[in-house]
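Student: Sending over target-v7.cif (mmCIF, C-alpha atoms, pLDDT in the B column; chains and numbers go by the auth columns).
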```
data_input
loop_
_atom_site.group_PDB
_atom_site.id
_atom_site.type_symbol
_atom_site.label_atom_id
_atom_site.label_comp_id
_atom_site.label_asym_id
_atom_site.label_seq_id
_atom_site.Cartn_x
_atom_site.Cartn_y
_atom_site.Cartn_z
_atom_site.B_iso_or_equiv
_atom_site.auth_seq_id
_atom_site.auth_asym_id
ATOM 1 C CA MET A 1 -20.038 -22.960 18.265 77.00 1 A
ATOM 2 C CA PHE A 2 -18.015 -22.956 21.506 82.00 2 A
ATOM 3 C CA ASP A 3 -18.146 -25.415 24.377 80.00 3 A
ATOM 4 C CA SER A 4 -18.290 -24.215 27.984 78.00 4 A
ATOM 5 C CA ALA A 5 -14.925 -25.895 28.579 76.00 5 A
ATOM 6 C CA ASP A 6 -13.231 -23.885 25.798 82.00 6 A
ATOM 7 C CA PRO A 7 -10.434 -21.615 27.019 86.00 7 A
ATOM 8 C CA PRO A 8 -10.332 -17.867 26.349 89.00 8 A
ATOM 9 C CA THR A 9 -9.914 -17.114 22.662 90.00 9 A
ATOM 10 C CA THR A 10 -8.836 -14.351 20.316 93.00 10 A
ATOM 11 C CA VAL A 11 -10.917 -12.996 17.448 93.00 11 A
ATOM 12 C CA PHE A 12 -9.525 -10.957 14.538 92.00 12 A
ATOM 13 C CA GLU A 13 -11.558 -8.608 12.398 90.00 13 A
ATOM 14 C CA VAL A 14 -9.576 -7.689 9.307 90.00 14 A
ATOM 15 C CA ALA A 15 -10.361 -5.062 6.670 87.00 15 A
ATOM 16 C CA PRO A 16 -8.354 -3.220 4.032 85.00 16 A
ATOM 17 C CA ASN A 17 -7.306 0.233 5.167 79.00 17 A
ATOM 18 C CA SER A 18 -7.627 3.350 3.058 70.00 18 A
ATOM 19 C CA THR A 19 -4.093 3.088 1.703 69.00 19 A
ATOM 20 C CA ASP A 20 -2.143 -0.158 1.307 72.00 20 A
ATOM 21 C CA GLY A 21 -2.466 -2.907 3.855 81.00 21 A
ATOM 22 C CA GLU A 22 -5.014 -4.000 6.407 86.00 22 A
ATOM 23 C CA ILE A 23 -6.485 -2.978 9.739 88.00 23 A
ATOM 24 C CA PHE A 24 -6.690 -5.638 12.449 91.00 24 A
ATOM 25 C CA TRP A 25 -9.130 -5.274 15.317 91.00 25 A
ATOM 26 C CA ILE A 26 -8.144 -7.861 17.918 93.00 26 A
ATOM 27 C CA TYR A 27 -10.533 -9.020 20.631 94.00 27 A
ATOM 28 C CA GLU A 28 -9.681 -11.220 23.617 94.00 28 A
ATOM 29 C CA ILE A 29 -12.844 -13.147 24.562 93.00 29 A
ATOM 30 C CA ASP A 30 -12.545 -14.616 28.076 92.00 30 A
ATOM 31 C CA ASN A 31 -15.646 -16.803 27.966 91.00 31 A
ATOM 32 C CA PRO A 32 -16.393 -17.561 24.282 91.00 32 A
ATOM 33 C CA SER A 33 -19.223 -20.029 24.999 91.00 33 A
ATOM 34 C CA GLU A 34 -21.119 -17.330 26.920 92.00 34 A
ATOM 35 C CA PHE A 35 -20.261 -14.449 24.569 93.00 35 A
ATOM 36 C CA PHE A 36 -21.200 -16.383 21.403 92.00 36 A
ATOM 37 C CA GLU A 37 -24.093 -18.347 22.980 91.00 37 A
ATOM 38 C CA GLY A 38 -26.665 -19.267 20.349 91.00 38 A
ATOM 39 C CA CYS A 39 -24.395 -18.474 17.400 90.00 39 A
ATOM 40 C CA GLU A 40 -24.422 -21.267 14.835 91.00 40 A
ATOM 41 C CA SER A 41 -22.241 -19.729 12.114 90.00 41 A
ATOM 42 C CA GLN A 42 -19.309 -17.387 11.696 88.00 42 A
ATOM 43 C CA GLN A 43 -21.673 -14.746 10.309 89.00 43 A
ATOM 44 C CA GLU A 44 -23.810 -14.902 13.450 91.00 44 A
ATOM 45 C CA ALA A 45 -20.661 -14.679 15.599 91.00 45 A
ATOM 46 C CA SER A 46 -19.476 -11.696 13.553 89.00 46 A
ATOM 47 C CA ASP A 47 -22.856 -9.989 13.978 90.00 47 A
ATOM 48 C CA ARG A 48 -22.735 -10.649 17.737 91.00 48 A
ATOM 49 C CA LEU A 49 -19.323 -9.003 17.967 89.00 49 A
ATOM 50 C CA ILE A 50 -20.526 -5.953 16.007 87.00 50 A
ATOM 51 C CA ASP A 51 -23.780 -5.699 17.959 91.00 51 A
ATOM 52 C CA SER A 52 -21.914 -5.812 21.276 92.00 52 A
ATOM 53 C CA LYS A 53 -20.170 -2.523 20.374 90.00 53 A
ATOM 54 C CA ARG A 54 -17.160 -3.889 22.205 90.00 54 A
ATOM 55 C CA SER A 55 -13.904 -1.990 21.713 92.00 55 A
ATOM 56 C CA PRO A 56 -10.961 -3.998 20.427 92.00 56 A
ATOM 57 C CA ASP A 57 -8.243 -4.943 22.900 94.00 57 A
ATOM 58 C CA GLU A 58 -5.583 -4.176 20.262 93.00 58 A
ATOM 59 C CA GLN A 59 -5.644 -2.459 16.895 92.00 59 A
ATOM 60 C CA ILE A 60 -3.056 -2.633 14.121 90.00 60 A
ATOM 61 C CA GLU A 61 -3.630 -0.180 11.282 84.00 61 A
ATOM 62 C CA THR A 62 -0.649 -0.605 9.019 75.00 62 A
ATOM 63 C CA CYS A 63 -0.348 -4.323 8.449 74.00 63 A
ATOM 64 C CA GLY A 64 1.112 -4.377 4.960 77.00 64 A
ATOM 65 C CA TYR A 65 2.214 -7.951 4.384 81.00 65 A
ATOM 66 C CA SER A 66 1.579 -11.484 5.659 83.00 66 A
ATOM 67 C CA LEU A 67 4.204 -14.225 5.663 85.00 67 A
ATOM 68 C CA VAL A 68 2.859 -17.775 5.869 84.00 68 A
ATOM 69 C CA LEU A 69 5.488 -20.179 7.185 84.00 69 A
ATOM 70 C CA ASP A 70 5.421 -23.958 7.742 74.00 70 A
ATOM 71 C CA SER A 71 2.822 -24.532 5.016 63.00 71 A
ATOM 72 C CA PRO A 72 4.450 -26.004 1.915 55.00 72 A
ATOM 73 C CA GLU A 73 1.066 -26.300 0.196 51.00 73 A
ATOM 74 C CA ASP A 74 0.758 -22.497 0.140 48.00 74 A
ATOM 75 C CA PRO A 75 1.709 -20.946 -3.186 51.00 75 A
ATOM 76 C CA PRO A 76 4.876 -18.840 -3.203 54.00 76 A
ATOM 77 C CA SER A 77 4.405 -15.135 -2.632 56.00 77 A
ATOM 78 C CA THR A 78 3.568 -13.120 -5.710 55.00 78 A
ATOM 79 C CA LYS A 79 4.255 -9.703 -4.148 58.00 79 A
ATOM 80 C CA SER A 80 6.340 -7.830 -6.654 63.00 80 A
ATOM 81 C CA GLY A 81 8.112 -4.536 -6.594 73.00 81 A
ATOM 82 C CA ASN A 82 10.152 -3.033 -3.824 83.00 82 A
ATOM 83 C CA PRO A 83 9.554 -2.701 -0.092 86.00 83 A
ATOM 84 C CA PRO A 84 7.756 0.470 0.969 86.00 84 A
ATOM 85 C CA GLU A 85 9.797 3.438 2.130 87.00 85 A
ATOM 86 C CA LYS A 86 7.769 3.964 5.310 88.00 86 A
ATOM 87 C CA SER A 87 7.467 1.640 8.294 90.00 87 A
ATOM 88 C CA ILE A 88 5.044 -1.276 8.049 89.00 88 A
ATOM 89 C CA VAL A 89 3.735 -4.103 10.178 92.00 89 A
ATOM 90 C CA ILE A 90 4.325 -7.651 8.939 91.00 90 A
ATOM 91 C CA GLU A 91 2.054 -10.503 10.051 91.00 91 A
ATOM 92 C CA VAL A 92 3.779 -13.878 10.326 91.00 92 A
ATOM 93 C CA LEU A 93 1.710 -17.072 10.496 89.00 93 A
ATOM 94 C CA LYS A 94 3.500 -20.137 11.852 88.00 94 A
ATOM 95 C CA GLY A 95 2.213 -23.676 12.108 83.00 95 A
ATOM 96 C CA ARG A 96 -0.705 -25.506 10.555 75.00 96 A
ATOM 97 C CA GLU A 97 -4.244 -24.192 10.109 68.00 97 A
ATOM 98 C CA ASN A 98 -5.673 -25.623 13.351 70.00 98 A
ATOM 99 C CA ASP A 99 -2.591 -24.783 15.413 76.00 99 A
ATOM 100 C CA GLN A 100 -1.431 -21.475 13.992 85.00 100 A
ATOM 101 C CA GLN A 101 0.499 -18.759 15.759 91.00 101 A
ATOM 102 C CA HIS A 102 0.103 -15.140 14.594 91.00 102 A
ATOM 103 C CA GLU A 103 2.963 -12.718 15.202 93.00 103 A
ATOM 104 C CA PHE A 104 3.114 -9.047 14.250 94.00 104 A
ATOM 105 C CA TYR A 105 6.450 -7.337 13.592 94.00 105 A
ATOM 106 C CA GLU A 106 6.930 -3.606 13.152 94.00 106 A
ATOM 107 C CA VAL A 107 9.627 -2.896 10.580 94.00 107 A
ATOM 108 C CA GLU A 108 10.869 0.690 10.778 94.00 108 A
ATOM 109 C CA ASN A 109 12.931 0.623 7.571 93.00 109 A
ATOM 110 C CA PRO A 110 11.618 -2.064 5.196 92.00 110 A
ATOM 111 C CA ILE A 111 14.115 -1.181 2.456 93.00 111 A
ATOM 112 C CA ASP A 112 17.114 -1.785 4.716 94.00 112 A
ATOM 113 C CA THR A 113 15.586 -4.848 6.373 94.00 113 A
ATOM 114 C CA PHE A 114 14.293 -6.649 3.293 91.00 114 A
ATOM 115 C CA GLY A 115 16.044 -5.227 0.236 87.00 115 A
ATOM 116 C CA GLU A 116 16.156 -7.972 -2.408 85.00 116 A
ATOM 117 C CA SER A 117 14.288 -10.463 -0.206 87.00 117 A
ATOM 118 C CA TRP A 118 10.979 -8.561 -0.616 88.00 118 A
ATOM 119 C CA GLY A 119 8.352 -10.989 -1.896 85.00 119 A
ATOM 120 C CA ASN A 120 10.150 -14.161 -0.754 85.00 120 A
ATOM 121 C CA THR A 121 8.467 -15.457 2.402 85.00 121 A
ATOM 122 C CA THR A 122 11.410 -17.438 3.751 86.00 122 A
ATOM 123 C CA ALA A 123 13.983 -14.759 2.934 89.00 123 A
ATOM 124 C CA MET A 124 11.833 -12.024 4.492 91.00 124 A
ATOM 125 C CA TYR A 125 11.441 -14.003 7.720 92.00 125 A
ATOM 126 C CA THR A 126 15.189 -14.664 7.758 92.00 126 A
ATOM 127 C CA ALA A 127 15.738 -10.904 7.371 94.00 127 A
ATOM 128 C CA LEU A 128 13.502 -10.240 10.411 94.00 128 A
ATOM 129 C CA GLU A 129 15.564 -12.717 12.441 94.00 129 A
ATOM 130 C CA LYS A 130 18.868 -11.304 11.142 93.00 130 A
ATOM 131 C CA ASP A 131 17.864 -7.792 12.242 93.00 131 A
ATOM 132 C CA SER A 132 16.724 -9.199 15.644 94.00 132 A
ATOM 133 C CA ILE A 133 13.275 -7.692 15.206 95.00 133 A
ATOM 134 C CA GLN A 134 10.987 -9.001 17.939 95.00 134 A
ATOM 135 C CA PRO A 135 7.209 -9.368 17.591 95.00 135 A
ATOM 136 C CA ILE A 136 5.118 -6.514 18.966 94.00 136 A
ATOM 137 C CA LEU A 137 2.118 -8.867 19.440 93.00 137 A
ATOM 138 C CA GLU A 138 1.762 -12.685 19.489 93.00 138 A
ATOM 139 C CA TYR A 139 -1.365 -14.856 19.488 91.00 139 A
ATOM 140 C CA ASP A 140 -1.676 -18.634 19.472 88.00 140 A
ATOM 141 C CA ASN A 141 -5.363 -18.941 20.346 85.00 141 A
ATOM 142 C CA VAL A 142 -7.108 -17.291 17.369 89.00 142 A
ATOM 143 C CA SER A 143 -10.439 -19.046 16.852 86.00 143 A
ATOM 144 C CA LEU A 144 -12.228 -16.720 14.442 88.00 144 A
ATOM 145 C CA ILE A 145 -11.045 -14.349 11.730 88.00 145 A
ATOM 146 C CA PHE A 146 -13.682 -12.115 10.164 86.00 146 A
ATOM 147 C CA GLN A 147 -12.890 -10.453 6.847 85.00 147 A
ATOM 148 C CA ARG A 148 -14.541 -7.106 6.296 77.00 148 A
ATOM 149 C CA SER A 149 -14.681 -4.830 3.282 71.00 149 A
ATOM 150 C CA TYR A 150 -13.262 -1.326 3.594 55.00 150 A
ATOM 151 C CA GLY A 151 -15.619 1.006 5.408 51.00 151 A
ATOM 152 C CA SER A 152 -17.991 -1.720 6.600 48.00 152 A
ATOM 153 C CA LEU A 153 -17.577 -0.999 10.307 46.00 153 A
#
```
Written as structure tokens, that's how I'd like the structure from this file.

Tutor:
Amino acid sequence: MFDSADPPTTVFEVAPNSTDGEIFWIYEIDNPSEFFEGCESQQEASDRLIDSKRSPDEQIETCGYSLVLDSPEDPPSTKSGNPPEKSIVIEVLKGRENDQQHEFYEVENPIDTFGESWGNTTAMYTALEKDSIQPILEYDNVSLIFQRSYGSL
């Protein structure tokens, strides 16, 4: 699955949280070929991560929205309604599938920041830039993303 020459990598475990949004458990794996030795599939790698009982290096519990940029083949966002009244974390994905950067932005007042742009990927990202909101976390070396169901960990 990983070659001994592979650089350190990042692994995301993602699950819905008990309200609206997702929880991200983020692991920095320094030597992925050693850590995932013998794993032939993503499921085996996921099981290895769970079995290791390793604590995440970062955890984001309120990720409420993902913006996918630079991918014209992605369908337009179908999120309807209004922005939430409480603060949320927005995940922004930039670049193509094999060279994607993940950024997480904490938005204290989504109504003021997004207003009418809620649900429009480009307009929401422009609103983040306009308000000079900087990412709280950035990753450009994510190799594996495991999706979990709520309560599975």

Student: For the structure provided, state which residues fall under the PyMOL selection byres ((chain A and resi 30) around 8), and present them as a list in words.

Tutor: Pro7, Pro8, Thr9, Glu28, Ile29, Asn31 and Pro32 of chain A

Student: Output C-alpha atoms for every residue in that selection, as a PDB file, keeping the file's coordinate frame.

Tutor:
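Below is the file that was written, selection04.pdb:
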```
ATOM      1  CA  PRO A   7     -10.434 -21.615  27.019  1.00 86.00           C
ATOM      2  CA  PRO A   8     -10.332 -17.867  26.349  1.00 89.00           C
ATOM      3  CA  THR A   9      -9.914 -17.114  22.662  1.00 90.00           C
ATOM      4  CA  GLU A  28      -9.681 -11.220  23.617  1.00 94.00           C
ATOM      5  CA  ILE A  29     -12.844 -13.147  24.562  1.00 93.00           C
ATOM      6  CA  ASN A  31     -15.646 -16.803  27.966  1.00 91.00           C
ATOM      7  CA  PRO A  32     -16.393 -17.561  24.282  1.00 91.00           C
TER       8      PRO A  32
END
```

Student: Could you give me, as CSV, a per-residue list for segment 26-127 of chain A showing, wherever an atom lies at most 9 Å from an atom of segment 135-141 of chain A, the closest pair of atoms and their distance in Å to one decimal, using only C-alpha atoms and sorting by chain then residue number from low to high?

Tutor:
```
residue,atom,partner,partner_atom,distance
A:Asp99,CA,A:Asp140,CA,7.4
A:Gln100,CA,A:Asp140,CA,6.2
A:Gln101,CA,A:Asp140,CA,4.3
A:His102,CA,A:Tyr139,CA,5.1
A:Glu103,CA,A:Glu138,CA,4.5
A:Phe104,CA,A:Leu137,CA,5.3
A:Tyr105,CA,A:Pro135,CA,4.5
A:Glu106,CA,A:Ile136,CA,6.7
```

Student: Using only C-alpha atoms, list the residues that have an atom at most 6 Å from (13.3, -3.5, 14.0), coordinates as in the file, as a PyMOL selection string.

Tutor: chain A and resi 107-108+133

Student: Residues around (-10.1, -10.8, 13.0), cut-off 8 Å, counting all atoms listed in the file - what are they as a PyMOL selection string?

Tutor: chain A and resi 11-14+24-27+144-147

Student: Written as a PyMOL selection string, what is the full residue list that the PyMOL selection byres ((chain A and resi 60) around 7) yields on the file shown?

Tutor: chain A and resi 23-25+58-59+61-63

Student: Do you know which residues are at most 10 Å from Leu128 of chain A counting all atoms listed in the file, after dropping those on the same chain fewer than 2 positions away, and could you put them as an NGL selection string?

Tutor: :A and (90 or 105-107 or 110 or 113-114 or 123-126 or 130-135)

Student: Please indicate the distance in Å from atom CA of Thr10 of chain A to atom CA of Thr122 of chain A, rounded to one decimal place.

Tutor: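 It comes out at 26.3 Å.
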
Student: Can you translate the PyMOL selection byres ((chain A and resi 115) around 12) into the concrete residues it hits in this file, as a list in words?

Tutor: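 When the PyMOL selection byres ((chain A and resi 115) around 12) is applied, the selected residues are Gly81, Asn82, Pro83, Pro84, Glu85, Asn109, Pro110, Ile111, Asp112, Thr113, Phe114, Glu116, Ser117, Trp118, Gly119, Asn120, Ala123, Met124, Ala127 and Leu128 of chain A.
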
Student: Give me the residues within 10 Å of Arg48 of chain A as a list in words, counting all atoms listed in the file and dropping any in the same chain fewer than 4 places off.

Tutor: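 Answer for this query is Phe35, Phe36, Glu37, Gly38, Cys39, Gln42, Gln43, Glu44, Ser52, Lys53 and Arg54 of chain A.
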
Student: Which one of A:Ser33, A:Leu49, A:Thr121, A:Glu91 sits closest to Asp70 of chain A if you count only C-alpha atoms?

Tutor: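 Nearest to Asp70 of chain A: A:Thr121.
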
Student: In Å, with one decimal, what is the gap from atom CA of Ser4 of chain A to atom CA of Val142 of chain A?

Tutor: 16.9 Å

Student: Tell me, in Å to one decimal, how far atom CA of Leu93 of chain A is from atom CA of Glu129 of chain A.

Tutor: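 So the answer is 14.7 Å.
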
Student: Using only C-alpha atoms, which residue out of A:Pro56, A:Gly64, A:Val89, A:Leu69 lies closest to Ser18 of chain A?

Tutor: A:Gly64

Student: Since the input is missing atoms for segment 83-94 of chain A, could you rebuild it with all heavy atoms and give the result as a PDB file, in the frame of the given file?

Tutor:
```
ATOM      1  N   PRO A  83      10.162  -2.987  -1.394  1.00 86.00           N
ATOM      2  CA  PRO A  83       9.554  -2.701  -0.092  1.00 86.00           C
ATOM      3  C   PRO A  83       9.155  -1.231   0.000  1.00 86.00           C
ATOM      4  O   PRO A  83       9.756  -0.378  -0.651  1.00 86.00           O
ATOM      5  CB  PRO A  83      10.665  -3.019   0.914  1.00 86.00           C
ATOM      6  CG  PRO A  83      11.799  -3.572   0.160  1.00 86.00           C
ATOM      7  CD  PRO A  83      11.538  -3.413  -1.295  1.00 86.00           C
ATOM      8  N   PRO A  84       8.153  -0.934   0.805  1.00 86.00           N
ATOM      9  CA  PRO A  84       7.756   0.470   0.969  1.00 86.00           C
ATOM     10  C   PRO A  84       8.842   1.272   1.681  1.00 86.00           C
ATOM     11  O   PRO A  84       9.680   0.714   2.393  1.00 86.00           O
ATOM     12  CB  PRO A  84       6.490   0.383   1.816  1.00 86.00           C
ATOM     13  CG  PRO A  84       6.565  -0.936   2.492  1.00 86.00           C
ATOM     14  CD  PRO A  84       7.346  -1.845   1.612  1.00 86.00           C
ATOM     15  N   GLU A  85       8.807   2.564   1.498  1.00 87.00           N
ATOM     16  CA  GLU A  85       9.797   3.438   2.130  1.00 87.00           C
ATOM     17  C   GLU A  85       9.460   3.745   3.578  1.00 87.00           C
ATOM     18  O   GLU A  85      10.340   4.065   4.359  1.00 87.00           O
ATOM     19  CB  GLU A  85       9.933   4.732   1.327  1.00 87.00           C
ATOM     20  CG  GLU A  85      10.504   4.501  -0.057  1.00 87.00           C
ATOM     21  CD  GLU A  85      10.630   5.786  -0.855  1.00 87.00           C
ATOM     22  OE1 GLU A  85      10.532   6.883  -0.267  1.00 87.00           O
ATOM     23  OE2 GLU A  85      10.826   5.677  -2.077  1.00 87.00           O
ATOM     24  N   LYS A  86       8.173   3.662   3.933  1.00 88.00           N
ATOM     25  CA  LYS A  86       7.769   3.964   5.310  1.00 88.00           C
ATOM     26  C   LYS A  86       7.648   2.681   6.118  1.00 88.00           C
ATOM     27  O   LYS A  86       7.595   1.583   5.567  1.00 88.00           O
ATOM     28  CB  LYS A  86       6.457   4.748   5.319  1.00 88.00           C
ATOM     29  CG  LYS A  86       5.316   3.984   4.695  1.00 88.00           C
ATOM     30  CD  LYS A  86       4.046   4.794   4.672  1.00 88.00           C
ATOM     31  CE  LYS A  86       2.963   3.924   4.031  1.00 88.00           C
ATOM     32  NZ  LYS A  86       1.697   4.506   3.989  1.00 88.00           N
ATOM     33  N   SER A  87       7.562   2.814   7.421  1.00 90.00           N
ATOM     34  CA  SER A  87       7.467   1.640   8.294  1.00 90.00           C
ATOM     35  C   SER A  87       6.165   0.885   8.033  1.00 90.00           C
ATOM     36  O   SER A  87       5.158   1.475   7.640  1.00 90.00           O
ATOM     37  CB  SER A  87       7.563   2.048   9.762  1.00 90.00           C
ATOM     38  OG  SER A  87       6.439   2.787  10.139  1.00 90.00           O
ATOM     39  N   ILE A  88       6.219  -0.431   8.226  1.00 89.00           N
ATOM     40  CA  ILE A  88       5.044  -1.276   8.049  1.00 89.00           C
ATOM     41  C   ILE A  88       5.014  -2.324   9.159  1.00 89.00           C
ATOM     42  O   ILE A  88       6.003  -2.533   9.861  1.00 89.00           O
ATOM     43  CB  ILE A  88       5.006  -1.990   6.684  1.00 89.00           C
ATOM     44  CG1 ILE A  88       6.198  -2.937   6.522  1.00 89.00           C
ATOM     45  CG2 ILE A  88       4.908  -1.030   5.540  1.00 89.00           C
ATOM     46  CD1 ILE A  88       6.089  -3.873   5.337  1.00 89.00           C
ATOM     47  N   VAL A  89       3.867  -2.976   9.278  1.00 92.00           N
ATOM     48  CA  VAL A  89       3.735  -4.103  10.178  1.00 92.00           C
ATOM     49  C   VAL A  89       3.587  -5.346   9.312  1.00 92.00           C
ATOM     50  O   VAL A  89       2.815  -5.355   8.348  1.00 92.00           O
ATOM     51  CB  VAL A  89       2.526  -3.946  11.116  1.00 92.00           C
ATOM     52  CG1 VAL A  89       2.321  -5.202  11.950  1.00 92.00           C
ATOM     53  CG2 VAL A  89       2.705  -2.741  12.022  1.00 92.00           C
ATOM     54  N   ILE A  90       4.352  -6.369   9.640  1.00 91.00           N
ATOM     55  CA  ILE A  90       4.325  -7.651   8.939  1.00 91.00           C
ATOM     56  C   ILE A  90       3.637  -8.667   9.851  1.00 91.00           C
ATOM     57  O   ILE A  90       3.993  -8.784  11.025  1.00 91.00           O
ATOM     58  CB  ILE A  90       5.757  -8.140   8.625  1.00 91.00           C
ATOM     59  CG1 ILE A  90       6.513  -7.137   7.761  1.00 91.00           C
ATOM     60  CG2 ILE A  90       5.743  -9.528   8.004  1.00 91.00           C
ATOM     61  CD1 ILE A  90       6.072  -7.069   6.338  1.00 91.00           C
ATOM     62  N   GLU A  91       2.665  -9.402   9.310  1.00 91.00           N
ATOM     63  CA  GLU A  91       2.054 -10.503  10.051  1.00 91.00           C
ATOM     64  C   GLU A  91       2.752 -11.788   9.627  1.00 91.00           C
ATOM     65  O   GLU A  91       2.935 -12.040   8.438  1.00 91.00           O
ATOM     66  CB  GLU A  91       0.560 -10.609   9.735  1.00 91.00           C
ATOM     67  CG  GLU A  91      -0.105 -11.770  10.444  1.00 91.00           C
ATOM     68  CD  GLU A  91      -1.511 -12.068   9.962  1.00 91.00           C
ATOM     69  OE1 GLU A  91      -1.867 -11.694   8.824  1.00 91.00           O
ATOM     70  OE2 GLU A  91      -2.257 -12.695  10.726  1.00 91.00           O
ATOM     71  N   VAL A  92       3.161 -12.589  10.604  1.00 91.00           N
ATOM     72  CA  VAL A  92       3.779 -13.878  10.326  1.00 91.00           C
ATOM     73  C   VAL A  92       2.882 -14.964  10.899  1.00 91.00           C
ATOM     74  O   VAL A  92       2.518 -14.919  12.074  1.00 91.00           O
ATOM     75  CB  VAL A  92       5.199 -13.966  10.940  1.00 91.00           C
ATOM     76  CG1 VAL A  92       5.788 -15.357  10.759  1.00 91.00           C
ATOM     77  CG2 VAL A  92       6.115 -12.915  10.324  1.00 91.00           C
ATOM     78  N   LEU A  93       2.520 -15.939  10.058  1.00 89.00           N
ATOM     79  CA  LEU A  93       1.710 -17.072  10.496  1.00 89.00           C
ATOM     80  C   LEU A  93       2.599 -18.302  10.516  1.00 89.00           C
ATOM     81  O   LEU A  93       3.192 -18.646   9.494  1.00 89.00           O
ATOM     82  CB  LEU A  93       0.535 -17.299   9.549  1.00 89.00           C
ATOM     83  CG  LEU A  93      -0.518 -16.205   9.598  1.00 89.00           C
ATOM     84  CD1 LEU A  93      -0.307 -15.240   8.454  1.00 89.00           C
ATOM     85  CD2 LEU A  93      -1.874 -16.808   9.530  1.00 89.00           C
ATOM     86  N   LYS A  94       2.683 -18.939  11.677  1.00 88.00           N
ATOM     87  CA  LYS A  94       3.500 -20.137  11.852  1.00 88.00           C
ATOM     88  C   LYS A  94       2.611 -21.305  12.217  1.00 88.00           C
ATOM     89  O   LYS A  94       1.650 -21.144  12.967  1.00 88.00           O
ATOM     90  CB  LYS A  94       4.520 -19.945  12.984  1.00 88.00           C
ATOM     91  CG  LYS A  94       5.536 -18.871  12.745  1.00 88.00           C
ATOM     92  CD  LYS A  94       6.440 -18.778  13.957  1.00 88.00           C
ATOM     93  CE  LYS A  94       7.530 -17.769  13.774  1.00 88.00           C
ATOM     94  NZ  LYS A  94       8.354 -17.655  14.987  1.00 88.00           N
TER      95      LYS A  94
END
```
